[in-house]
$ cat data33.cif   # mmCIF, C-alpha atoms and all ligand atoms
data_coords
loop_
_atom_site.label_atom_id
_atom_site.label_comp_id
_atom_site.auth_asym_id
_atom_site.auth_seq_id
_atom_site.Cartn_x
_atom_site.Cartn_y
_atom_site.Cartn_z
CA LEU F 27 -5.84 -41.01 -27.48
CA PRO F 28 -6.45 -37.51 -28.86
CA ALA F 29 -10.13 -37.00 -29.67
CA ILE F 30 -9.41 -35.26 -32.97
CA LEU F 31 -8.02 -38.37 -34.68
CA LEU F 32 -10.01 -39.77 -37.59
CA PRO F 33 -11.48 -43.19 -36.84
CA ARG F 34 -8.92 -44.92 -39.05
CA GLN F 35 -6.01 -43.17 -37.35
CA ARG F 36 -7.48 -44.03 -33.99
CA ASP F 37 -7.70 -47.71 -35.04
CA ARG F 38 -4.08 -47.63 -36.11
CA LEU F 39 -3.00 -46.30 -32.77
CA ARG F 40 -5.34 -48.20 -30.47
CA GLY F 41 -3.34 -50.28 -28.07
CA GLN F 42 -0.14 -48.59 -29.06
CA PRO F 43 1.77 -46.47 -26.57
CA ALA F 44 1.81 -42.71 -27.15
CA CYS F 45 5.61 -42.40 -27.04
CA PRO F 46 7.07 -42.88 -30.53
CA ILE F 47 9.61 -45.60 -31.16
CA PRO F 48 12.69 -44.33 -33.05
CA GLN F 49 13.39 -45.62 -36.57
CA ASP F 50 16.73 -47.13 -35.54
CA GLN F 51 14.81 -49.46 -33.21
CA LEU F 52 12.77 -50.92 -36.09
CA PRO F 53 14.88 -54.02 -36.78
CA ALA F 54 14.81 -54.97 -33.08
CA LEU F 55 11.09 -54.20 -32.90
CA VAL F 56 10.29 -56.31 -35.98
CA GLN F 57 12.29 -59.15 -34.48
CA ALA F 58 10.67 -58.89 -31.05
CA MET F 59 7.03 -58.43 -32.01
CA PRO F 60 4.84 -61.53 -32.13
CA LYS F 61 3.20 -62.04 -35.51
CA ALA F 62 1.13 -64.48 -37.55
CA GLU F 63 1.97 -65.76 -41.01
CA LEU F 64 -1.11 -66.29 -43.19
CA HIS F 65 0.36 -66.88 -46.65
CA MET F 66 3.11 -69.47 -46.84
CA HIS F 67 3.20 -72.45 -49.20
CA ILE F 68 4.95 -75.20 -47.29
CA GLU F 69 6.41 -76.58 -50.53
CA GLY F 70 7.89 -73.11 -51.03
CA SER F 71 9.94 -73.49 -47.85
CA LEU F 72 12.04 -76.33 -49.33
CA GLU F 73 15.57 -74.96 -49.30
CA PRO F 74 17.94 -76.25 -52.03
CA GLU F 75 20.02 -78.08 -49.39
CA LEU F 76 16.95 -80.00 -48.22
CA ILE F 77 15.89 -80.70 -51.82
CA PHE F 78 19.27 -82.35 -52.41
CA ALA F 79 19.20 -84.23 -49.09
CA LEU F 80 15.72 -85.61 -49.80
CA ALA F 81 16.67 -86.47 -53.41
CA GLN F 82 19.57 -88.50 -52.10
CA ARG F 83 17.48 -90.18 -49.38
CA ASN F 84 14.81 -91.15 -51.92
CA GLY F 85 17.00 -91.94 -54.94
CA VAL F 86 15.45 -89.13 -56.99
CA THR F 87 17.56 -87.68 -59.80
CA LEU F 88 17.50 -83.89 -60.09
CA SER F 89 18.18 -82.00 -63.29
CA TYR F 90 20.64 -79.69 -61.47
CA PRO F 91 24.13 -80.94 -60.56
CA SER F 92 24.47 -79.02 -57.26
CA VAL F 93 22.82 -76.83 -54.64
CA GLU F 94 24.59 -73.84 -56.17
CA ALA F 95 23.36 -74.64 -59.68
CA LEU F 96 19.81 -75.02 -58.42
CA ARG F 97 19.95 -71.74 -56.51
CA ALA F 98 21.40 -70.02 -59.55
CA ALA F 99 18.29 -71.05 -61.50
CA TYR F 100 16.11 -68.96 -59.18
CA ALA F 101 15.98 -66.02 -61.59
CA PHE F 102 12.29 -65.66 -62.29
CA THR F 103 10.58 -63.46 -64.83
CA ASP F 104 6.98 -64.09 -63.79
CA LEU F 105 4.79 -66.45 -61.75
CA GLN F 106 4.92 -69.30 -64.28
CA SER F 107 8.72 -69.29 -64.51
CA PHE F 108 8.77 -69.79 -60.73
CA LEU F 109 6.02 -72.43 -60.63
CA ASP F 110 7.88 -74.64 -63.13
CA ILE F 111 10.91 -74.88 -60.82
CA TYR F 112 8.79 -75.03 -57.63
CA TYR F 113 6.88 -78.09 -58.85
CA ALA F 114 10.17 -79.73 -59.91
CA GLY F 115 11.60 -79.10 -56.41
CA ALA F 116 8.58 -80.74 -54.78
CA SER F 117 9.25 -83.98 -56.71
CA VAL F 118 11.71 -85.11 -54.00
CA LEU F 119 8.89 -85.41 -51.42
CA LEU F 120 7.76 -89.03 -51.18
CA THR F 121 7.26 -90.16 -47.57
CA GLU F 122 5.46 -88.91 -44.48
CA GLN F 123 8.89 -88.24 -42.97
CA ASP F 124 9.79 -86.00 -45.95
CA PHE F 125 6.70 -83.84 -45.43
CA HIS F 126 7.36 -83.72 -41.70
CA ASP F 127 11.01 -82.71 -42.19
CA MET F 128 10.09 -79.98 -44.68
CA ALA F 129 7.51 -78.44 -42.34
CA TRP F 130 9.76 -78.79 -39.30
CA ALA F 131 12.53 -76.86 -41.05
CA TYR F 132 10.00 -74.08 -41.71
CA PHE F 133 8.81 -74.03 -38.10
CA LEU F 134 12.39 -73.52 -36.86
CA LYS F 135 12.63 -70.44 -39.13
CA ALA F 136 9.20 -69.23 -37.99
CA LYS F 137 10.19 -69.56 -34.34
CA ALA F 138 13.40 -67.61 -34.97
CA ASP F 139 11.29 -64.80 -36.46
CA ASN F 140 8.83 -64.75 -33.56
CA VAL F 141 5.98 -66.08 -35.69
CA VAL F 142 3.59 -67.38 -33.04
CA HIS F 143 0.93 -68.63 -35.45
CA SER F 144 1.09 -69.89 -39.01
CA GLU F 145 -1.67 -70.93 -41.43
CA LEU F 146 0.17 -73.05 -43.97
CA PHE F 147 -0.88 -73.75 -47.54
CA PHE F 148 -0.22 -77.16 -49.01
CA ASP F 149 -0.77 -78.36 -52.58
CA PRO F 150 -1.94 -82.01 -52.43
CA GLN F 151 -2.37 -82.33 -56.21
CA THR F 152 1.34 -81.69 -56.74
CA HIS F 153 1.93 -84.92 -54.85
CA THR F 154 -1.10 -87.12 -55.56
CA ASP F 155 -0.55 -86.62 -59.31
CA ARG F 156 2.91 -88.24 -58.79
CA GLY F 157 1.39 -91.20 -56.95
CA VAL F 158 2.01 -89.98 -53.39
CA PRO F 159 -1.15 -90.74 -51.36
CA PHE F 160 -3.06 -87.81 -49.85
CA GLU F 161 -2.75 -89.50 -46.46
CA VAL F 162 1.08 -89.41 -46.62
CA VAL F 163 1.06 -85.67 -47.34
CA ILE F 164 -1.37 -84.62 -44.65
CA LYS F 165 -0.11 -86.96 -41.93
CA GLY F 166 3.47 -85.78 -42.37
CA LEU F 167 2.44 -82.11 -42.28
CA HIS F 168 0.06 -82.59 -39.38
CA SER F 169 2.64 -84.34 -37.19
CA ALA F 170 5.04 -81.43 -37.79
CA CYS F 171 2.30 -78.94 -36.79
CA GLU F 172 1.74 -80.87 -33.55
CA ARG F 173 5.46 -80.94 -32.86
CA ALA F 174 5.72 -77.19 -33.51
CA ARG F 175 3.04 -76.59 -30.91
CA THR F 176 4.58 -78.82 -28.24
CA GLU F 177 8.30 -78.25 -28.81
CA LEU F 178 8.37 -74.64 -30.05
CA GLY F 179 5.13 -73.11 -28.81
CA VAL F 180 4.28 -72.18 -32.43
CA SER F 181 0.62 -72.63 -33.33
CA ALA F 182 0.01 -73.99 -36.83
CA THR F 183 -2.95 -74.98 -38.99
CA LEU F 184 -3.26 -76.21 -42.57
CA ILE F 185 -5.09 -74.79 -45.60
CA MET F 186 -5.45 -77.12 -48.59
CA CYS F 187 -5.00 -75.38 -51.94
CA PHE F 188 -6.46 -76.41 -55.28
CA LEU F 189 -4.21 -75.92 -58.31
CA ARG F 190 -6.09 -73.57 -60.59
CA HIS F 191 -4.30 -74.67 -63.79
CA LEU F 192 -6.03 -78.05 -63.30
CA SER F 193 -9.76 -78.66 -63.78
CA GLU F 194 -12.54 -78.14 -61.28
CA GLU F 195 -13.27 -81.88 -61.55
CA ALA F 196 -9.73 -82.57 -60.32
CA ALA F 197 -10.30 -80.16 -57.41
CA LEU F 198 -13.56 -81.94 -56.55
CA GLU F 199 -11.73 -85.29 -56.58
CA THR F 200 -9.07 -83.87 -54.27
CA LEU F 201 -11.77 -82.61 -51.93
CA GLU F 202 -13.27 -86.13 -51.87
CA GLN F 203 -9.85 -87.62 -51.02
CA SER F 204 -9.42 -85.10 -48.22
CA LEU F 205 -12.72 -85.80 -46.46
CA PRO F 206 -11.41 -88.57 -44.15
CA TYR F 207 -8.87 -85.94 -42.93
CA ARG F 208 -11.33 -83.03 -42.72
CA HIS F 209 -10.40 -82.52 -39.06
CA LEU F 210 -6.74 -81.93 -39.97
CA PHE F 211 -7.18 -78.76 -42.05
CA ILE F 212 -9.15 -75.58 -41.45
CA GLY F 213 -9.73 -74.21 -44.92
CA VAL F 214 -9.13 -74.26 -48.65
CA GLY F 215 -7.33 -71.91 -51.02
CA LEU F 216 -6.67 -71.49 -54.72
CA ASP F 217 -3.16 -71.13 -56.11
CA SER F 218 -0.86 -71.77 -59.10
CA SER F 219 -1.08 -70.04 -62.51
CA GLU F 220 -3.54 -67.18 -62.08
CA ARG F 221 -3.97 -65.67 -65.52
CA GLY F 222 -6.54 -67.53 -67.62
CA HIS F 223 -7.84 -69.43 -64.59
CA PRO F 224 -10.38 -67.10 -62.97
CA PRO F 225 -11.98 -67.82 -59.60
CA GLU F 226 -15.37 -68.66 -61.15
CA LYS F 227 -13.81 -71.79 -62.68
CA PHE F 228 -13.95 -73.19 -59.11
CA ALA F 229 -17.41 -71.99 -58.07
CA ARG F 230 -18.86 -75.46 -57.40
CA VAL F 231 -15.95 -76.83 -55.39
CA PHE F 232 -15.79 -73.70 -53.23
CA ALA F 233 -19.58 -73.88 -52.65
CA ARG F 234 -19.11 -77.47 -51.44
CA CYS F 235 -16.24 -76.40 -49.16
CA LYS F 236 -18.40 -73.65 -47.69
CA GLU F 237 -21.10 -76.23 -46.90
CA LEU F 238 -18.42 -78.28 -45.15
CA GLY F 239 -17.67 -75.32 -42.89
CA LEU F 240 -14.16 -74.77 -44.25
CA HIS F 241 -12.56 -71.35 -44.27
CA LEU F 242 -12.15 -69.98 -47.80
CA VAL F 243 -9.27 -67.97 -49.30
CA ALA F 244 -7.93 -67.52 -52.84
CA HIS F 245 -4.96 -66.02 -54.61
CA ALA F 246 -6.29 -63.12 -56.68
CA GLY F 247 -4.83 -59.92 -58.07
CA GLU F 248 -1.22 -61.12 -57.95
CA GLU F 249 -0.85 -61.22 -61.74
CA GLY F 250 -4.55 -61.35 -62.51
CA PRO F 251 -6.81 -58.30 -62.90
CA PRO F 252 -9.04 -56.70 -60.22
CA GLU F 253 -12.06 -58.63 -61.58
CA TYR F 254 -10.46 -61.80 -60.21
CA ILE F 255 -10.53 -60.24 -56.73
CA ILE F 256 -14.18 -59.24 -57.19
CA ASN F 257 -15.11 -62.75 -58.32
CA ALA F 258 -13.13 -64.39 -55.54
CA LEU F 259 -15.32 -62.35 -53.16
CA ASP F 260 -18.66 -62.60 -54.97
CA VAL F 261 -18.50 -66.06 -56.53
CA LEU F 262 -16.20 -68.00 -54.20
CA HIS F 263 -17.13 -66.05 -51.03
CA VAL F 264 -13.56 -66.00 -49.76
CA GLU F 265 -12.73 -64.44 -46.38
CA ARG F 266 -9.23 -63.22 -47.31
CA ILE F 267 -7.51 -62.36 -50.57
CA ASP F 268 -4.01 -63.75 -51.09
CA HIS F 269 -1.85 -61.00 -52.66
CA GLY F 270 -4.55 -58.68 -53.99
CA VAL F 271 -2.05 -55.95 -54.85
CA ARG F 272 -3.69 -55.23 -58.22
CA CYS F 273 -6.85 -54.03 -56.43
CA VAL F 274 -5.48 -50.48 -56.72
CA GLU F 275 -6.40 -50.49 -60.42
CA ASP F 276 -10.07 -50.33 -59.38
CA PRO F 277 -10.80 -47.48 -56.92
CA GLU F 278 -14.31 -48.81 -56.18
CA LEU F 279 -12.83 -52.18 -55.24
CA VAL F 280 -10.30 -50.51 -52.95
CA LYS F 281 -13.14 -48.70 -51.17
CA ARG F 282 -15.09 -51.95 -50.87
CA LEU F 283 -12.12 -53.87 -49.43
CA ALA F 284 -11.52 -51.10 -46.90
CA ARG F 285 -15.21 -50.92 -45.94
CA GLN F 286 -15.52 -54.68 -45.53
CA GLY F 287 -12.18 -55.02 -43.75
CA THR F 288 -11.12 -57.80 -46.13
CA ALA F 289 -7.55 -58.83 -45.36
CA LEU F 290 -4.92 -58.92 -48.09
CA THR F 291 -2.04 -61.33 -47.45
CA VAL F 292 0.70 -59.40 -49.24
CA CYS F 293 4.10 -61.01 -49.97
CA PRO F 294 6.62 -58.25 -50.73
CA LEU F 295 9.78 -60.24 -51.58
CA SER F 296 7.69 -62.62 -53.72
CA ASN F 297 6.26 -59.68 -55.65
CA ILE F 298 9.76 -58.40 -56.45
CA LYS F 299 11.16 -61.84 -57.41
CA LEU F 300 8.19 -62.53 -59.68
CA CYS F 301 8.38 -59.04 -61.22
CA VAL F 302 4.93 -57.91 -60.07
CA PHE F 303 6.85 -54.76 -59.08
CA GLN F 304 10.30 -54.05 -60.51
CA THR F 305 11.78 -52.77 -57.23
CA MET F 306 10.70 -52.66 -53.59
CA LYS F 307 10.52 -48.88 -53.76
CA GLU F 308 7.74 -49.30 -56.32
CA HIS F 309 5.77 -51.73 -54.16
CA ASN F 310 2.30 -50.46 -53.28
CA LEU F 311 2.12 -51.87 -49.72
CA LYS F 312 2.34 -48.42 -48.14
CA ALA F 313 -0.35 -47.10 -50.47
CA LEU F 314 -2.58 -50.04 -49.54
CA LEU F 315 -2.14 -49.19 -45.86
CA GLN F 316 -2.89 -45.54 -46.57
CA HIS F 317 -6.14 -46.62 -48.26
CA GLY F 318 -7.10 -48.20 -44.95
CA LEU F 319 -6.83 -51.80 -46.19
CA LYS F 320 -6.22 -54.66 -43.78
CA VAL F 321 -2.75 -55.52 -45.09
CA THR F 322 -0.56 -58.31 -43.73
CA ILE F 323 3.06 -59.21 -44.58
CA ASN F 324 3.92 -62.80 -45.48
CA SER F 325 6.71 -64.80 -47.08
CA ASP F 326 4.84 -66.88 -49.76
CA ASP F 327 7.70 -69.20 -50.83
CA PRO F 328 10.63 -68.07 -48.68
CA ALA F 329 13.17 -70.62 -49.91
CA TYR F 330 12.74 -69.26 -53.44
CA PHE F 331 12.24 -65.55 -52.80
CA GLY F 332 15.16 -64.73 -50.54
CA GLY F 333 13.63 -64.38 -47.11
CA TYR F 334 11.34 -65.51 -44.33
CA MET F 335 8.95 -63.27 -42.38
CA ASN F 336 11.29 -60.78 -40.77
CA GLN F 337 13.28 -60.31 -43.95
CA ASN F 338 10.01 -59.46 -45.70
CA PHE F 339 9.28 -56.87 -43.02
CA LEU F 340 12.77 -55.39 -43.07
CA ALA F 341 13.05 -55.18 -46.86
CA THR F 342 9.66 -53.47 -47.04
CA PHE F 343 10.32 -51.08 -44.19
CA ALA F 344 13.71 -50.07 -45.58
CA ASP F 345 12.39 -49.06 -48.99
CA LEU F 346 8.90 -47.77 -48.22
CA ASP F 347 9.75 -45.55 -45.26
CA LEU F 348 7.41 -47.31 -42.86
CA ASP F 349 7.53 -46.75 -39.11
CA ALA F 350 6.70 -48.39 -35.79
CA THR F 351 3.01 -47.53 -36.12
CA ASP F 352 2.95 -49.43 -39.43
CA ALA F 353 4.73 -52.37 -37.79
CA TYR F 354 2.04 -52.43 -35.12
CA THR F 355 -0.76 -52.24 -37.68
CA LEU F 356 0.71 -55.04 -39.80
CA ALA F 357 1.28 -57.37 -36.85
CA ARG F 358 -2.12 -56.63 -35.38
CA ASN F 359 -3.77 -57.21 -38.76
CA SER F 360 -2.05 -60.61 -38.97
CA PHE F 361 -3.81 -61.69 -35.78
CA GLU F 362 -7.14 -60.08 -36.60
CA ALA F 363 -7.21 -61.74 -40.04
CA SER F 364 -6.23 -65.18 -38.74
CA PHE F 365 -8.69 -68.05 -38.40
CA VAL F 366 -8.45 -68.48 -34.63
CA SER F 367 -10.97 -67.66 -31.90
CA ASP F 368 -11.41 -64.09 -30.67
CA THR F 369 -10.01 -65.14 -27.29
CA VAL F 370 -6.80 -66.47 -28.81
CA LYS F 371 -6.49 -63.35 -30.99
CA ALA F 372 -6.90 -61.13 -27.91
CA GLY F 373 -4.10 -63.01 -26.12
CA TRP F 374 -1.64 -62.44 -28.96
CA ILE F 375 -2.67 -58.80 -29.37
CA ALA F 376 -2.04 -58.29 -25.65
CA GLN F 377 1.48 -59.73 -26.14
CA LEU F 378 1.96 -57.38 -29.08
CA ASP F 379 0.88 -54.41 -27.00
CA GLN F 380 3.34 -55.40 -24.28
CA THR F 381 6.19 -55.54 -26.80
CA PHE F 382 5.37 -52.07 -28.09
CA ALA F 383 4.98 -50.68 -24.57
CA ARG F 384 8.44 -52.02 -23.70
CA PHE F 385 10.05 -50.42 -26.76
CA ALA F 386 8.22 -47.12 -26.22
CA SER F 387 9.31 -46.93 -22.60
CA GLN F 388 12.93 -47.39 -23.71
CA GLY F 389 12.35 -44.27 -25.88
N1 LIG Y 401 2.07 -71.35 -55.43
C1 LIG Y 401 3.13 -71.10 -54.66
N2 LIG Y 401 3.39 -69.79 -54.64
C2 LIG Y 401 2.44 -69.19 -55.40
C3 LIG Y 401 2.16 -67.85 -55.75
N3 LIG Y 401 2.89 -66.83 -55.33
N4 LIG Y 401 1.11 -67.62 -56.58
C4 LIG Y 401 0.37 -68.63 -57.01
N5 LIG Y 401 0.59 -69.89 -56.71
C5 LIG Y 401 1.62 -70.18 -55.90
ZN ZN Y 402 1.07 -67.65 -52.62
#
$ encode --input "data33.cif" --output "structure tokens"
Amino acid sequence: LPAILLPRQRDRLRGQPACPIPQDQLPALVQAMPKAELHMHIEGSLEPELIFALAQRNGVTLSYPSVEALRAAYAFTDLQSFLDIYYAGASVLLTEQDFHDMAWAYFLKAKADNVVHSELFFDPQTHTDRGVPFEVVIKGLHSACERARTELGVSATLIMCFLRHLSEEAALETLEQSLPYRHLFIGVGLDSSERGHPPEKFARVFARCKELGLHLVAHAGEEGPPEYIINALDVLHVERIDHGVRCVEDPELVKRLARQGTALTVCPLSNIKLCVFQTMKEHNLKALLQHGLKVTINSDDPAYFGGYMNQNFLATFADLDLDATDAYTLARNSFEASFVSDTVKAGWIAQLDQTFARFASQG
């Protein structure tokens, strides 16, 4: 690599072949490159067709007459307007088989997009509050993760999220319920309605999770202010920030995130559907990259937001004028920010480098 590159530029290019890859190759490159997905709510992968199939299987009555009517209701104005319909959709999940089928459907999509590793969020309280035992939820999801590994070669782990609109006591109870299954999930997260439910509300439960050796992440700075990101870091001690796009409102925070190498799991199509940005052209993902932040691209709730991983990449690349170097950075970040061993990361990064070398040699 040329010696005159700044360290950040050198990092961006390390491992990447010198020969540039033309812009018209981007869709094929995005498809071919291995990648990890670090921000995907498994309940957000329930497609309307599967919601109706599960409703019929379980004798659940839906308040929409058809798949089309349900899909037509996916016109969100903010996070809460989405969450209301997302929790209603999850009401069809009752048995271990239901959870397995939902996750399996996602893994088929992930495989098609060349997602080689996925760290999936699940929301146990959405189900236990309806009388579905914790064991049913986690066993169904876990068996699908095992099947993804053996039948598809997709690696998958689970991250249990606490619903932040509920109390910390409820989160502590959920943690208690989860302890017999501690070996089946790798970390905890914090999701649901952000505004008015700051990270510090969950200080004790996150401290307990840290003692248990769980990985820690939290949604922050999606709709909430930069202070929520700061408190997720300083009070909850999270290792990644989910979304985090509002960090740009605090230049000192941006510098800190860049210095620390804290990953942001950004979800572009989600941000447009939930009106965090009005259009993709206004999305700040490119600016975040230019600030040297460890940005990743993810699908959040793909059944509701109009696209899985590669559609998130393509929509972003089309409107933000990103190039093959950015694609490399984003995919590499997804592995570096994942909760797997350094050896496993190195294996996937080597595969990524091979993909880019192949495209570069084709010119
Ligand atoms: N639960 C599912 N998707 C979410 C999102 N984008 N923000 C907060 N909670 C969520
Ligand atoms: Zn999310």
$ residues_around --input "data33.cif" --residues "Phe78 in chain F" --least-positions-apart "3" --cutoff "9 Å" --atoms "all atoms listed in the file" --output "JSON, numbers by chain"
{"F": [73, 74, 75, 81, 82, 83, 88, 92, 93, 118]}
$ closest_residue --input "data33.cif" --among "F:Ala350, F:Ala54, F:Met66, F:Val214" --to "Leu262 in chain F" --atoms "all atoms listed in the file"
F:Val214
$ residues_near_ligand --input "data33.cif" --ligand "ligand LIG 401 (chain Y)" --cutoff "7 Å" --atoms "only C-alpha atoms and all ligand atoms" --output "PyMOL selection string"
chain F and resi 67+70+105+109+217-220+245+296+326-327
$ closest_residue --input "data33.cif" --among "F:Cys293, F:Leu134, F:Leu348, F:Val56" --to "ligand ZN 402 (chain Y)" --atoms "all atoms listed in the file"
F:Cys293
$ closest_residue --input "data33.cif" --among "F:Thr342, F:Ser144, F:Ser360, F:Ser169" --to "Thr288 in chain F" --atoms "all atoms listed in the file"
F:Ser360
$ closest_residue --input "data33.cif" --among "F:Phe148, F:Tyr100, F:Tyr113, F:Phe382" --to "ligand ZN 402 (chain Y)" --atoms "only C-alpha atoms and all ligand atoms"
F:Phe148
$ residues_near_ligand --input "data33.cif" --ligand "ligand ZN 402 (chain Y)" --cutoff "12 Å" --atoms "all atoms listed in the file" --output "PyMOL selection string"
chain F and resi 63-71+105+108-109+112+145-149+185+187-189+215-220+243-249+267-270+290-297+300+323-328+330-331
$ atom_distance --input "data33.cif" --atom1 "CA of Val162 in chain F" --atom2 "CA of Ser204 in chain F"
11.5 Å
$ atom_distance --input "data33.cif" --atom1 "CA of Asn257 in chain F" --atom2 "CA of Phe160 in chain F"
29.1 Å
